[in-house]
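Colleague: Mind having a look at this structure? Questions to follow.
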Amino acid sequence: MRILICTLLLISTCCFGQKKPIQNIASTVSIERLKKNLYYLASDELEGRLMGSKGDTLASEYVIDCFKENHLAAPYKNGTSYFQTVNTFKKNLLQSELIIGAKKFENWNGWNFVMRSTETIQLDNIPVVFAGYGIQNNLYNDFANIDVKGKAVLLLTGQPQDSTGTYLLSGTKQAAIVSSYQNLLREKGAVLILLYNNRFTADSLLQRKTSFQTVYKNPFIQHNNLPVLLLSEERANELLAPSDKTIKSLVQDISTTLRPQSFTINTTIGCHIQIGITEEKAPNVIGVINGTDSSAGCIILSAHHDHHGRDGKIIYYGAVDNASGTVAIMEIATLMYKAIEKGFRPKRTIIFASYTGEEKGLLGSYHFAANPLFPIEKTRAVLNIDMMGRVDTFYSEKRADSNYAYILVVDSLKRGLRNALFTANEKLGKLKLDTYYEQPQFMQRRLMGSDQYPFYLKGVPFIRIDCGFSKDYHQSTDTPDKINYELLSNQIKLAFLTTWNIAND
């Protein structure tokens with residue numbers, strides 16, 4: 001018994017001894033190195049790191065230099081290359097016109113569409129119906145007296161409300177959850193959705209401001225949604241004029257009667273949108289730290305290095321989004337090498353992934369998820385970093401505690417990810433872990449909006465760590481001088497210790 005007790009004490013002492021050195025290594029995060037790396041990635045020379053551009057390549061080569069310096073294994077071309085080529089498909093708009101009756105309107109003239117989700121459309125003389133809010137359930141049915149098969153359907157956005165702002169379907173100030181009108185209309189045989197946008201002018205100005213950004217087709221997503229055109233009030237009224245209606249009068253009629261006002265519109269519509277495809281290539285950067293247990297699978301530590309590039313002389317530097325995440329995984333590679341030099345190699349293999357094309361629809365991470373180094377079922381977890389080192393608009397001048405990180409943990413397979421994260425933070429004792437974006441009403445955008453999503457679709461648990469949206473989000477003013485490097489350092493320590501915990505649990 002005495003021998004057993006001594007043995008257990010020795011084991012526990014060894015485990016504790018391993019944890020303390022790792023904490024000490026975490027404390028060696030270098031703010032000087034973070035600044036050097038971030039100022040380069042968000043420099044004029046890299047021109048905003050647009051996917052497939054010279055800046056994207058330079059950023060990739062810079063990450064590779066870090067991986068080489070810290071002895072990460074190169075997984076491609078017989079161990080000689082860190083590059084994973086991503087095939088991309090740029091969409092080029094060749095034609096766009098909307099025909100109402102006998103009148104033709106070019107794109108932006110009272111109508112437009114979302115290029116990323118639109119394919120070639122060739123429709124002529126299509127009948128049109130107005131279907132209110134596109135709702136069908138036991139409380140409210142916009143389709144009770146109309147047939148939408150083979151027709152274009154004019155819809156309002158949102159849900160019907162009475163004069164007090166109470167939603168009709170819920171009876172409260174909170175909108176009811178309804179099924180997607182996309183699915184419903186597709187099942188009913190509609191061919192086109194015309195969506196009235198009461199913010200058309202403001203939204204169009206924003207879209208035109210960002211129209212310099214190229215749009216790409218994602219080959220890993222099969223779009224089976226109906227095409228959607230966005231209409232201004234003027235263009236919706238042009239459509240409704242032969243029926244002696246206006247779009248605002250219909251909104252008022254629904255609010256007053258609390259009943260659907262669906263009907264067949266006395267006109268036809270046509271739409272000609274032609275989109276061409278140009279194939280291009282862009283670089284993912286993948287490096288590997290091999291674990292001690294080849295049967296234990298891998299974890300993926302990821303960030304994206306691309307941003308929006310430039311518009312003429314205006315550079316979108318992307319310092320927080322996501323040069324910050326890129327320097328984070330570079331710094332973690334440095335810390336991991338220090339651990340290995342001291343004899344602490346992780347049990348699981350750690351794959352470091354610096355993706356291109358996140359800003360173009362998660363193209364790099366979709367490609368890697370479809371072409372992984374390890375089988376997906378051997379991937380224990382993903383830890384994705386997208387934006388660090390800034391205080392967001394919620395915290396700025398509003399909350400006292402600005403030493404924080406937002407977290408999103410999805411661990412349906414119960415692999416202890418939350419425990420790995422919170423245990424890491426306890427060792428630091430510095431950060432507030434904010435679960436704001438784990439609330440159901442905010443979670444979907446967070447889930448789908450970064451590079452963990454393609455792996456989530458394949459059933460891989462994940463953690464996302466970030467700092468939220470600063471006032472410079474996706475602006476040319478997102479520059480490296482605005483980064484809070486002390487905060488960035490603390491968030492990187494959290495990510496490093498969390499990665500270590502997942503790799504060794």
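Residues in the structure tokens are numbered from 1 in each chain, the chains being A, B, ... in the order shown, and ligands are numbered from 1 in the order shown.
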Compile the contact shell of range 67-71 of chain A as a list in words: residues with an atom at most 9 Å away, counting only C-alpha atoms, same-chain residues fewer than 2 positions apart removed.
Modeller: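 Contacts, in chain order: Tyr62, Val63, Ile64, Asp65, Ala73, Ala74, Tyr82, Ile286, Gly287, Val288, Ile289, Met330, Ala333, Thr334, Leu335, Met336, Tyr337, Lys338 and Phe352 of chain A.
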Colleague: Which residues are near Glu358 in chain A? Cut-off 8 Å, only C-alpha atoms, ignore same chain within fewer than 6 positions. Put them as a ChimeraX atom specification.
Modeller: /A:304,306-307,364-365,450-451
Colleague: Given the selection you just returned, output its residues as a file containing C-alpha atoms, formatted as an mmCIF file, in the first residue's frame.
Modeller:
```cif
data_model
loop_
_atom_site.group_PDB
_atom_site.id
_atom_site.type_symbol
_atom_site.label_atom_id
_atom_site.label_comp_id
_atom_site.auth_asym_id
_atom_site.auth_seq_id
_atom_site.Cartn_x
_atom_site.Cartn_y
_atom_site.Cartn_z
ATOM 1 C CA HIS A 304 -7.238 33.199 -42.041
ATOM 2 C CA ASP A 306 -6.540 37.077 -46.328
ATOM 3 C CA HIS A 307 -8.471 40.359 -46.261
ATOM 4 C CA GLY A 364 -9.726 28.003 -47.994
ATOM 5 C CA SER A 365 -11.254 26.203 -45.022
ATOM 6 C CA SER A 450 -15.640 31.978 -39.936
ATOM 7 C CA ASP A 451 -13.432 29.011 -40.746
#
```
Colleague: Between A:Thr214, A:Thr292, A:Thr326, A:Thr166, which is the closest to Leu258 in chain A once you count only C-alpha atoms?
Modeller: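 Using only C-alpha atoms, Leu258 in chain A sits closest to A:Thr166.
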Colleague: So, with only C-alpha atoms as the atoms that count, which of A:Leu408, A:Ile376, A:Cys467, A:Leu169 lies closest to Phe442 in chain A?
Modeller: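 Nearest to Phe442 in chain A: A:Leu408.
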Colleague: Within 12 Å of range 133-154 of chain A, which residues of range 269-362 of chain A show up? Give each one with its shortest atom-to-atom distance in Å (one decimal) and the two atoms involved, counting only C-alpha atoms, rows by chain then rising residue number, as a Markdown table.
Modeller:
```
| residue | atom | partner | partner_atom | distance |
| --- | --- | --- | --- | --- |
| A:Ile269 | CA | A:Ala152 | CA | 7.6 |
| A:Gly270 | CA | A:Ala152 | CA | 9.3 |
| A:Cys271 | CA | A:Ala152 | CA | 10.3 |
```
Colleague: Using only C-alpha atoms, which residues sit within 9 Å of Phe462 in chain A once same-chain residues fewer than 4 positions away are excluded, as a PyMOL selection string?
Modeller: chain A and resi 380-384+408-411+417+452-453+455-456
Colleague: For those residues, write N, CA and C atoms to a file as a compact mmCIF listing (two decimals), in the first residue's frame.
Modeller:
```
# COMPACT_ATOMS: atom_id res chain seq x y z
N ARG A 380 -10.10 15.63 -33.62
CA ARG A 380 -10.77 15.73 -32.33
C ARG A 380 -11.47 17.07 -32.16
N ALA A 381 -10.85 18.15 -32.62
CA ALA A 381 -11.44 19.47 -32.43
C ALA A 381 -10.75 20.48 -33.33
N VAL A 382 -11.44 21.61 -33.53
CA VAL A 382 -10.88 22.78 -34.20
C VAL A 382 -10.87 23.93 -33.20
N LEU A 383 -9.75 24.67 -33.15
CA LEU A 383 -9.72 25.94 -32.42
C LEU A 383 -9.43 27.02 -33.45
N ASN A 384 -10.42 27.87 -33.70
CA ASN A 384 -10.31 28.88 -34.74
C ASN A 384 -10.21 30.27 -34.12
N LEU A 408 -17.08 30.94 -28.43
CA LEU A 408 -18.18 30.11 -28.93
C LEU A 408 -17.68 28.68 -28.92
N VAL A 409 -18.31 27.86 -28.09
CA VAL A 409 -17.91 26.45 -27.95
C VAL A 409 -19.06 25.57 -28.39
N VAL A 410 -18.82 24.73 -29.37
CA VAL A 410 -19.80 23.74 -29.83
C VAL A 410 -19.14 22.37 -29.70
N ASP A 411 -19.57 21.62 -28.70
CA ASP A 411 -18.92 20.35 -28.37
C ASP A 411 -19.98 19.26 -28.24
N LEU A 417 -14.18 20.36 -24.45
CA LEU A 417 -13.58 21.58 -24.97
C LEU A 417 -13.78 22.77 -24.04
N GLN A 452 -14.32 27.82 -38.80
CA GLN A 452 -14.73 26.59 -38.12
C GLN A 452 -15.94 25.95 -38.79
N TYR A 453 -16.70 26.73 -39.56
CA TYR A 453 -17.99 26.26 -40.06
C TYR A 453 -17.91 25.03 -40.98
N PHE A 455 -15.95 22.62 -40.90
CA PHE A 455 -15.68 21.44 -40.06
C PHE A 455 -16.90 21.11 -39.18
N TYR A 456 -17.58 22.13 -38.72
CA TYR A 456 -18.84 21.93 -37.98
C TYR A 456 -19.83 21.13 -38.83
```
Colleague: Which is closer to Ile275 in chain A than all the others in A:Thr477, A:Asn92, A:Ser294, A:Thr164, using only C-alpha atoms?
Modeller: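 Of A:Thr477, A:Asn92, A:Ser294, A:Thr164, the one nearest Ile275 in chain A, counting only C-alpha atoms, is A:Asn92.
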Colleague: Give me, as an MDAnalysis selection string, all polymer residues having an atom no more than 10 Å from range 107-119 of chain A, counting only C-alpha atoms and skipping those fewer than 4 positions away in the same chain.
Modeller: chainID A and resid 90:93 95:98 194:197 200:201 204:205 207:208 211 214:218 223:236 238 273:276 360:361
Colleague: So that I can check the surroundings of Ile299 in chain A, please list as JSON, numbers by chain every protein, DNA and RNA residue that reaches within 12 Å of it, counting only C-alpha atoms and ignoring chain neighbours fewer than 3 positions away.
Modeller: {"A": [288, 289, 290, 291, 296, 302, 346, 347, 348, 349, 350, 351, 352, 353, 372, 373, 374, 375, 376, 377, 378, 379, 380, 381, 382, 383, 384, 415, 417, 455, 460, 461, 462, 463, 498, 499, 500, 501, 502, 503, 504, 505]}
Colleague: Might you pull out every residue within 10 Å of Leu239 in chain A, with only C-alpha atoms counted and same-chain residues fewer than 6 positions away left off, and present them as a ChimeraX atom specification?
Modeller: /A:99-101,128,154,231,233,245-247,265-269
Colleague: Would you save the residues of that selection, restricted to N, CA and C atoms, as a PDB file, in the first residue's frame?
Modeller:
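out.pdb, written as the output of this step:
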```pdb
ATOM      1  N   ILE A  99     -36.975  43.190 -66.436  1.00  0.00           N
ATOM      2  CA  ILE A  99     -38.000  43.654 -67.387  1.00  0.00           C
ATOM      3  C   ILE A  99     -39.353  43.591 -66.693  1.00  0.00           C
ATOM      4  N   ILE A 100     -39.980  44.747 -66.500  1.00  0.00           N
ATOM      5  CA  ILE A 100     -41.321  44.825 -65.913  1.00  0.00           C
ATOM      6  C   ILE A 100     -42.267  45.297 -67.007  1.00  0.00           C
ATOM      7  N   GLY A 101     -43.172  44.424 -67.422  1.00  0.00           N
ATOM      8  CA  GLY A 101     -44.010  44.738 -68.573  1.00  0.00           C
ATOM      9  C   GLY A 101     -43.136  44.877 -69.791  1.00  0.00           C
ATOM     10  N   VAL A 128     -46.686  37.244 -61.995  1.00  0.00           N
ATOM     11  CA  VAL A 128     -46.232  37.695 -60.684  1.00  0.00           C
ATOM     12  C   VAL A 128     -47.392  37.681 -59.697  1.00  0.00           C
ATOM     13  N   LEU A 154     -43.622  38.396 -55.173  1.00  0.00           N
ATOM     14  CA  LEU A 154     -43.229  39.626 -54.496  1.00  0.00           C
ATOM     15  C   LEU A 154     -43.504  39.485 -53.008  1.00  0.00           C
ATOM     16  N   LEU A 231     -35.815  44.746 -54.507  1.00  0.00           N
ATOM     17  CA  LEU A 231     -36.485  45.852 -55.190  1.00  0.00           C
ATOM     18  C   LEU A 231     -36.585  47.075 -54.289  1.00  0.00           C
ATOM     19  N   GLU A 233     -38.578  50.753 -53.378  1.00  0.00           N
ATOM     20  CA  GLU A 233     -40.006  51.123 -53.339  1.00  0.00           C
ATOM     21  C   GLU A 233     -40.482  51.537 -54.725  1.00  0.00           C
ATOM     22  N   LYS A 245     -52.105  49.390 -56.857  1.00  0.00           N
ATOM     23  CA  LYS A 245     -51.612  49.193 -55.491  1.00  0.00           C
ATOM     24  C   LYS A 245     -50.247  49.850 -55.355  1.00  0.00           C
ATOM     25  N   THR A 246     -49.860  50.122 -54.113  1.00  0.00           N
ATOM     26  CA  THR A 246     -48.485  50.507 -53.806  1.00  0.00           C
ATOM     27  C   THR A 246     -47.983  49.580 -52.709  1.00  0.00           C
ATOM     28  N   ILE A 247     -46.675  49.494 -52.591  1.00  0.00           N
ATOM     29  CA  ILE A 247     -46.122  48.573 -51.605  1.00  0.00           C
ATOM     30  C   ILE A 247     -46.440  49.029 -50.185  1.00  0.00           C
ATOM     31  N   ILE A 265     -50.751  39.843 -59.498  1.00  0.00           N
ATOM     32  CA  ILE A 265     -50.451  41.178 -60.018  1.00  0.00           C
ATOM     33  C   ILE A 265     -50.671  41.185 -61.533  1.00  0.00           C
ATOM     34  N   ASN A 266     -51.225  42.279 -62.030  1.00  0.00           N
ATOM     35  CA  ASN A 266     -51.591  42.358 -63.452  1.00  0.00           C
ATOM     36  C   ASN A 266     -50.412  42.781 -64.326  1.00  0.00           C
ATOM     37  N   THR A 267     -49.348  42.026 -64.266  1.00  0.00           N
ATOM     38  CA  THR A 267     -48.202  42.284 -65.138  1.00  0.00           C
ATOM     39  C   THR A 267     -47.327  41.038 -65.188  1.00  0.00           C
ATOM     40  N   THR A 268     -46.348  41.071 -66.061  1.00  0.00           N
ATOM     41  CA  THR A 268     -45.371  39.982 -66.125  1.00  0.00           C
ATOM     42  C   THR A 268     -43.973  40.566 -65.898  1.00  0.00           C
ATOM     43  N   ILE A 269     -43.044  39.661 -65.649  1.00  0.00           N
ATOM     44  CA  ILE A 269     -41.683  40.103 -65.371  1.00  0.00           C
ATOM     45  C   ILE A 269     -40.700  39.210 -66.127  1.00  0.00           C
TER      46      ILE A 269
END
```
Colleague: Could you go through range 208-250 of chain A and tell me which residues DSSP, when run on the backbone, assigns to strand (DSSP E), listing them as a PyMOL selection string?
Modeller: chain A and resi 215-217+228-231
Colleague: Residues near range 34-47 of chain A, anyone? I mean within 10 Å using only C-alpha atoms, not counting same-chain ones fewer than 4 positions away, as a PyMOL selection string.
Modeller: chain A and resi 29-30+53-60+62-63+66+305-311+313-328+330-331+478-481+483+485+488-489
Colleague: Write out the residues from the selection above, keeping N, CA and C atoms, as a CSV table (one decimal), in the first residue's frame.
Modeller:
```csv
chain,number,residue,atom,x,y,z
A,29,VAL,N,5.2,34.9,-24.4
A,29,VAL,CA,4.6,35.5,-25.6
A,29,VAL,C,5.3,36.9,-25.7
A,30,SER,N,5.8,37.2,-26.9
A,30,SER,CA,6.6,38.4,-27.1
A,30,SER,C,5.8,39.5,-27.8
A,53,SER,N,-3.8,37.4,-54.6
A,53,SER,CA,-3.0,38.5,-55.0
A,53,SER,C,-1.6,38.3,-54.6
A,54,LYS,N,-0.7,39.2,-55.0
A,54,LYS,CA,0.7,39.2,-54.5
A,54,LYS,C,0.8,39.3,-53.0
A,55,GLY,N,-0.1,40.1,-52.4
A,55,GLY,CA,-0.1,40.3,-51.0
A,55,GLY,C,-0.5,39.0,-50.2
A,56,ASP,N,-1.4,38.2,-50.8
A,56,ASP,CA,-1.8,36.9,-50.3
A,56,ASP,C,-0.6,36.0,-50.3
A,57,THR,N,0.1,36.0,-51.4
A,57,THR,CA,1.3,35.1,-51.5
A,57,THR,C,2.4,35.5,-50.5
A,58,LEU,N,2.6,36.8,-50.4
A,58,LEU,CA,3.6,37.3,-49.5
A,58,LEU,C,3.3,36.9,-48.0
A,59,ALA,N,2.0,37.1,-47.7
A,59,ALA,CA,1.6,36.7,-46.3
A,59,ALA,C,1.8,35.2,-46.1
A,60,SER,N,1.5,34.4,-47.1
A,60,SER,CA,1.6,33.0,-47.0
A,60,SER,C,3.1,32.6,-46.8
A,62,TYR,N,5.4,34.4,-45.5
A,62,TYR,CA,5.8,34.9,-44.2
A,62,TYR,C,5.4,33.9,-43.1
A,63,VAL,N,4.2,33.4,-43.2
A,63,VAL,CA,3.8,32.3,-42.3
A,63,VAL,C,4.7,31.1,-42.4
A,66,CYS,N,7.9,31.3,-40.6
A,66,CYS,CA,7.7,31.1,-39.2
A,66,CYS,C,7.6,29.6,-38.9
A,305,HIS,N,-5.5,34.4,-43.2
A,305,HIS,CA,-4.6,35.5,-43.5
A,305,HIS,C,-5.0,36.5,-44.5
A,306,ASP,N,-6.1,36.2,-45.3
A,306,ASP,CA,-6.5,37.1,-46.3
A,306,ASP,C,-7.4,38.2,-45.8
A,307,HIS,N,-7.5,39.3,-46.6
A,307,HIS,CA,-8.5,40.4,-46.3
A,307,HIS,C,-9.0,40.9,-47.6
A,308,HIS,N,-9.4,42.2,-47.6
A,308,HIS,CA,-10.2,42.7,-48.7
A,308,HIS,C,-9.3,43.4,-49.8
A,309,GLY,N,-8.0,43.5,-49.6
A,309,GLY,CA,-7.2,44.0,-50.7
A,309,GLY,C,-7.3,45.6,-50.7
A,310,ARG,N,-7.4,46.1,-51.9
A,310,ARG,CA,-7.4,47.5,-52.1
A,310,ARG,C,-8.4,48.0,-53.1
A,311,ASP,N,-8.8,49.2,-53.0
A,311,ASP,CA,-9.8,49.9,-53.9
A,311,ASP,C,-9.1,51.1,-54.4
A,313,LYS,N,-6.3,53.6,-54.5
A,313,LYS,CA,-5.3,53.9,-53.6
A,313,LYS,C,-5.6,53.5,-52.1
A,314,ILE,N,-6.9,53.1,-51.9
A,314,ILE,CA,-7.3,52.8,-50.5
A,314,ILE,C,-7.0,51.4,-50.2
A,315,ILE,N,-6.2,51.2,-49.2
A,315,ILE,CA,-5.9,49.8,-48.8
A,315,ILE,C,-6.7,49.4,-47.5
A,316,TYR,N,-7.3,48.2,-47.6
A,316,TYR,CA,-8.0,47.6,-46.5
A,316,TYR,C,-7.0,46.7,-45.8
A,317,TYR,N,-6.4,47.3,-44.7
A,317,TYR,CA,-5.2,46.6,-44.1
A,317,TYR,C,-5.5,45.4,-43.3
A,318,GLY,N,-6.7,45.3,-42.8
A,318,GLY,CA,-7.1,44.0,-42.1
A,318,GLY,C,-6.2,43.7,-40.9
A,319,ALA,N,-5.9,44.6,-40.1
A,319,ALA,CA,-5.0,44.3,-38.9
A,319,ALA,C,-5.6,43.4,-37.9
A,320,VAL,N,-6.8,43.8,-37.5
A,320,VAL,CA,-7.5,42.9,-36.5
A,320,VAL,C,-8.2,41.7,-37.3
A,321,ASP,N,-8.6,42.0,-38.5
A,321,ASP,CA,-9.3,41.0,-39.3
A,321,ASP,C,-8.5,40.6,-40.6
A,322,ASN,N,-7.6,39.7,-40.6
A,322,ASN,CA,-7.3,38.8,-39.4
A,322,ASN,C,-5.8,38.6,-39.3
A,323,ALA,N,-5.0,39.7,-39.6
A,323,ALA,CA,-3.6,39.7,-39.3
A,323,ALA,C,-3.4,39.3,-37.8
A,324,SER,N,-4.3,39.7,-37.0
A,324,SER,CA,-4.1,39.4,-35.5
A,324,SER,C,-4.2,37.9,-35.3
A,325,GLY,N,-5.2,37.2,-35.9
A,325,GLY,CA,-5.3,35.8,-35.8
A,325,GLY,C,-4.1,35.0,-36.4
A,326,THR,N,-3.6,35.6,-37.5
A,326,THR,CA,-2.5,35.0,-38.2
A,326,THR,C,-1.2,35.0,-37.3
A,327,VAL,N,-1.0,36.2,-36.7
A,327,VAL,CA,0.2,36.3,-35.8
A,327,VAL,C,0.0,35.4,-34.6
A,328,ALA,N,-1.3,35.2,-34.2
A,328,ALA,CA,-1.5,34.4,-33.0
A,328,ALA,C,-1.1,32.9,-33.3
A,330,MET,N,1.1,32.0,-35.5
A,330,MET,CA,2.5,32.0,-35.6
A,330,MET,C,3.2,32.0,-34.2
A,331,GLU,N,2.7,32.8,-33.3
A,331,GLU,CA,3.2,32.8,-32.0
A,331,GLU,C,3.0,31.5,-31.2
A,478,ASP,N,-8.7,49.8,-40.3
A,478,ASP,CA,-8.3,48.7,-39.5
A,478,ASP,C,-6.7,48.5,-39.6
A,479,THR,N,-6.0,49.3,-38.8
A,479,THR,CA,-4.5,49.4,-39.0
A,479,THR,C,-3.8,48.9,-37.7
A,480,PRO,N,-2.6,48.5,-37.8
A,480,PRO,CA,-1.9,47.8,-36.7
A,480,PRO,C,-1.6,48.7,-35.5
A,481,ASP,N,-1.6,50.0,-35.7
A,481,ASP,CA,-1.4,50.9,-34.5
A,481,ASP,C,-2.6,50.9,-33.6
A,483,ILE,N,-4.2,48.2,-32.6
A,483,ILE,CA,-4.2,46.9,-31.8
A,483,ILE,C,-3.7,47.2,-30.4
A,485,TYR,N,-1.8,45.5,-27.9
A,485,TYR,CA,-0.9,44.3,-27.9
A,485,TYR,C,-0.9,43.6,-26.6
A,488,LEU,N,-3.9,41.4,-26.9
A,488,LEU,CA,-3.6,40.4,-27.9
A,488,LEU,C,-2.7,39.3,-27.3
A,489,SER,N,-1.7,39.7,-26.5
A,489,SER,CA,-0.8,38.8,-25.8
A,489,SER,C,-1.6,37.9,-24.9
```
Colleague: Can you work out the spacing between CA of Pro454 in chain A and CA of Ile300 in chain A in Å, to one decimal?
Modeller: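 Interatomic distance here is 12.5 Å.
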Colleague: What parts of range 41-211 of chain A does DSSP call alpha helix (DSSP H)? I'd like the answer as a PyMOL selection string.
Modeller: chain A and resi 41+54-69+181-188+200-209
Colleague: Include N, CA and C atoms and write out the residues we just selected as an mmCIF file, in the first residue's frame.
Modeller:
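Output file result23.cif is given in full below:
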```
data_model
loop_
_atom_site.group_PDB
_atom_site.id
_atom_site.type_symbol
_atom_site.label_atom_id
_atom_site.label_comp_id
_atom_site.auth_asym_id
_atom_site.auth_seq_id
_atom_site.Cartn_x
_atom_site.Cartn_y
_atom_site.Cartn_z
ATOM 1 N N LEU A 41 2.269 42.128 -41.852
ATOM 2 C CA LEU A 41 1.089 41.568 -42.522
ATOM 3 C C LEU A 41 0.069 42.644 -42.891
ATOM 4 N N LYS A 54 -0.704 39.226 -54.964
ATOM 5 C CA LYS A 54 0.691 39.217 -54.528
ATOM 6 C C LYS A 54 0.770 39.302 -53.004
ATOM 7 N N GLY A 55 -0.084 40.134 -52.395
ATOM 8 C CA GLY A 55 -0.092 40.271 -50.951
ATOM 9 C C GLY A 55 -0.475 38.987 -50.236
ATOM 10 N N ASP A 56 -1.403 38.248 -50.813
ATOM 11 C CA ASP A 56 -1.806 36.949 -50.261
ATOM 12 C C ASP A 56 -0.617 35.990 -50.280
ATOM 13 N N THR A 57 0.118 35.988 -51.383
ATOM 14 C CA THR A 57 1.298 35.123 -51.506
ATOM 15 C C THR A 57 2.390 35.526 -50.517
ATOM 16 N N LEU A 58 2.628 36.837 -50.390
ATOM 17 C CA LEU A 58 3.644 37.311 -49.457
ATOM 18 C C LEU A 58 3.283 36.942 -48.017
ATOM 19 N N ALA A 59 2.018 37.088 -47.670
ATOM 20 C CA ALA A 59 1.574 36.709 -46.327
ATOM 21 C C ALA A 59 1.790 35.220 -46.099
ATOM 22 N N SER A 60 1.464 34.406 -47.096
ATOM 23 C CA SER A 60 1.641 32.960 -46.990
ATOM 24 C C SER A 60 3.108 32.597 -46.790
ATOM 25 N N GLU A 61 3.982 33.237 -47.559
ATOM 26 C CA GLU A 61 5.414 32.956 -47.439
ATOM 27 C C GLU A 61 5.947 33.381 -46.072
ATOM 28 N N TYR A 62 5.389 34.448 -45.529
ATOM 29 C CA TYR A 62 5.804 34.918 -44.210
ATOM 30 C C TYR A 62 5.415 33.917 -43.125
ATOM 31 N N VAL A 63 4.215 33.366 -43.235
ATOM 32 C CA VAL A 63 3.775 32.339 -42.286
ATOM 33 C C VAL A 63 4.652 31.089 -42.424
ATOM 34 N N ILE A 64 4.976 30.731 -43.654
ATOM 35 C CA ILE A 64 5.834 29.562 -43.894
ATOM 36 C C ILE A 64 7.197 29.742 -43.242
ATOM 37 N N ASP A 65 7.765 30.944 -43.343
ATOM 38 C CA ASP A 65 9.058 31.196 -42.706
ATOM 39 C C ASP A 65 8.977 30.928 -41.203
ATOM 40 N N CYS A 66 7.876 31.320 -40.590
ATOM 41 C CA CYS A 66 7.684 31.056 -39.154
ATOM 42 C C CYS A 66 7.578 29.563 -38.885
ATOM 43 N N PHE A 67 6.814 28.864 -39.717
ATOM 44 C CA PHE A 67 6.658 27.416 -39.538
ATOM 45 C C PHE A 67 8.005 26.702 -39.674
ATOM 46 N N LYS A 68 8.792 27.118 -40.659
ATOM 47 C CA LYS A 68 10.113 26.507 -40.853
ATOM 48 C C LYS A 68 11.008 26.766 -39.644
ATOM 49 N N GLU A 69 11.013 28.015 -39.194
ATOM 50 C CA GLU A 69 11.866 28.399 -38.072
ATOM 51 C C GLU A 69 11.541 27.583 -36.822
ATOM 52 N N TYR A 181 -39.067 31.054 -45.975
ATOM 53 C CA TYR A 181 -39.900 31.241 -47.163
ATOM 54 C C TYR A 181 -39.229 30.639 -48.387
ATOM 55 N N GLN A 182 -37.893 30.542 -48.368
ATOM 56 C CA GLN A 182 -37.191 29.925 -49.484
ATOM 57 C C GLN A 182 -37.652 28.486 -49.689
ATOM 58 N N ASN A 183 -37.619 27.702 -48.635
ATOM 59 C CA ASN A 183 -38.030 26.297 -48.737
ATOM 60 C C ASN A 183 -39.492 26.181 -49.145
ATOM 61 N N LEU A 184 -40.309 27.006 -48.534
ATOM 62 C CA LEU A 184 -41.745 26.948 -48.792
ATOM 63 C C LEU A 184 -42.056 27.267 -50.256
ATOM 64 N N LEU A 185 -41.447 28.321 -50.771
ATOM 65 C CA LEU A 185 -41.719 28.725 -52.147
ATOM 66 C C LEU A 185 -41.151 27.736 -53.155
ATOM 67 N N ARG A 186 -40.011 27.157 -52.839
ATOM 68 C CA ARG A 186 -39.462 26.145 -53.734
ATOM 69 C C ARG A 186 -40.391 24.940 -53.811
ATOM 70 N N GLU A 187 -40.902 24.516 -52.656
ATOM 71 C CA GLU A 187 -41.838 23.389 -52.627
ATOM 72 C C GLU A 187 -43.107 23.696 -53.406
ATOM 73 N N LYS A 188 -43.522 24.960 -53.410
ATOM 74 C CA LYS A 188 -44.754 25.355 -54.097
ATOM 75 C C LYS A 188 -44.533 25.625 -55.584
ATOM 76 N N PHE A 200 -33.456 50.095 -49.418
ATOM 77 C CA PHE A 200 -32.765 49.842 -50.677
ATOM 78 C C PHE A 200 -31.689 50.888 -50.970
ATOM 79 N N THR A 201 -32.010 52.157 -50.809
ATOM 80 C CA THR A 201 -31.057 53.216 -51.161
ATOM 81 C C THR A 201 -29.799 53.124 -50.311
ATOM 82 N N ALA A 202 -29.979 52.998 -48.990
ATOM 83 C CA ALA A 202 -28.821 52.923 -48.091
ATOM 84 C C ALA A 202 -28.017 51.654 -48.337
ATOM 85 N N ASP A 203 -28.715 50.529 -48.487
ATOM 86 C CA ASP A 203 -28.023 49.267 -48.720
ATOM 87 C C ASP A 203 -27.292 49.260 -50.054
ATOM 88 N N SER A 204 -27.895 49.879 -51.062
ATOM 89 C CA SER A 204 -27.259 49.929 -52.379
ATOM 90 C C SER A 204 -25.988 50.768 -52.351
ATOM 91 N N LEU A 205 -26.019 51.863 -51.594
ATOM 92 C CA LEU A 205 -24.817 52.681 -51.469
ATOM 93 C C LEU A 205 -23.677 51.872 -50.851
ATOM 94 N N LEU A 206 -24.010 51.091 -49.824
ATOM 95 C CA LEU A 206 -23.005 50.251 -49.186
ATOM 96 C C LEU A 206 -22.491 49.187 -50.152
ATOM 97 N N GLN A 207 -23.416 48.557 -50.898
ATOM 98 C CA GLN A 207 -23.012 47.529 -51.857
ATOM 99 C C GLN A 207 -22.120 48.105 -52.945
ATOM 100 N N ARG A 208 -22.453 49.283 -53.420
ATOM 101 C CA ARG A 208 -21.653 49.881 -54.492
ATOM 102 C C ARG A 208 -20.279 50.294 -53.975
ATOM 103 N N LYS A 209 -20.232 50.675 -52.706
ATOM 104 C CA LYS A 209 -18.949 51.039 -52.110
ATOM 105 C C LYS A 209 -18.007 49.846 -52.077
#
```
Colleague: At what distance in Å, to one decimal, does CA of Gly52 in chain A lie from CA of Tyr76 in chain A?
Modeller: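 Separating CA of Tyr76 in chain A from CA of Gly52 in chain A is a distance of 19.5 Å.
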Colleague: As an exercise, work out the distance from CA of Glu438 in chain A to CA of Ile407 in chain A in Å and give it to one decimal place.
Modeller: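 Between CA of Glu438 in chain A and CA of Ile407 in chain A the gap is 7.5 Å.
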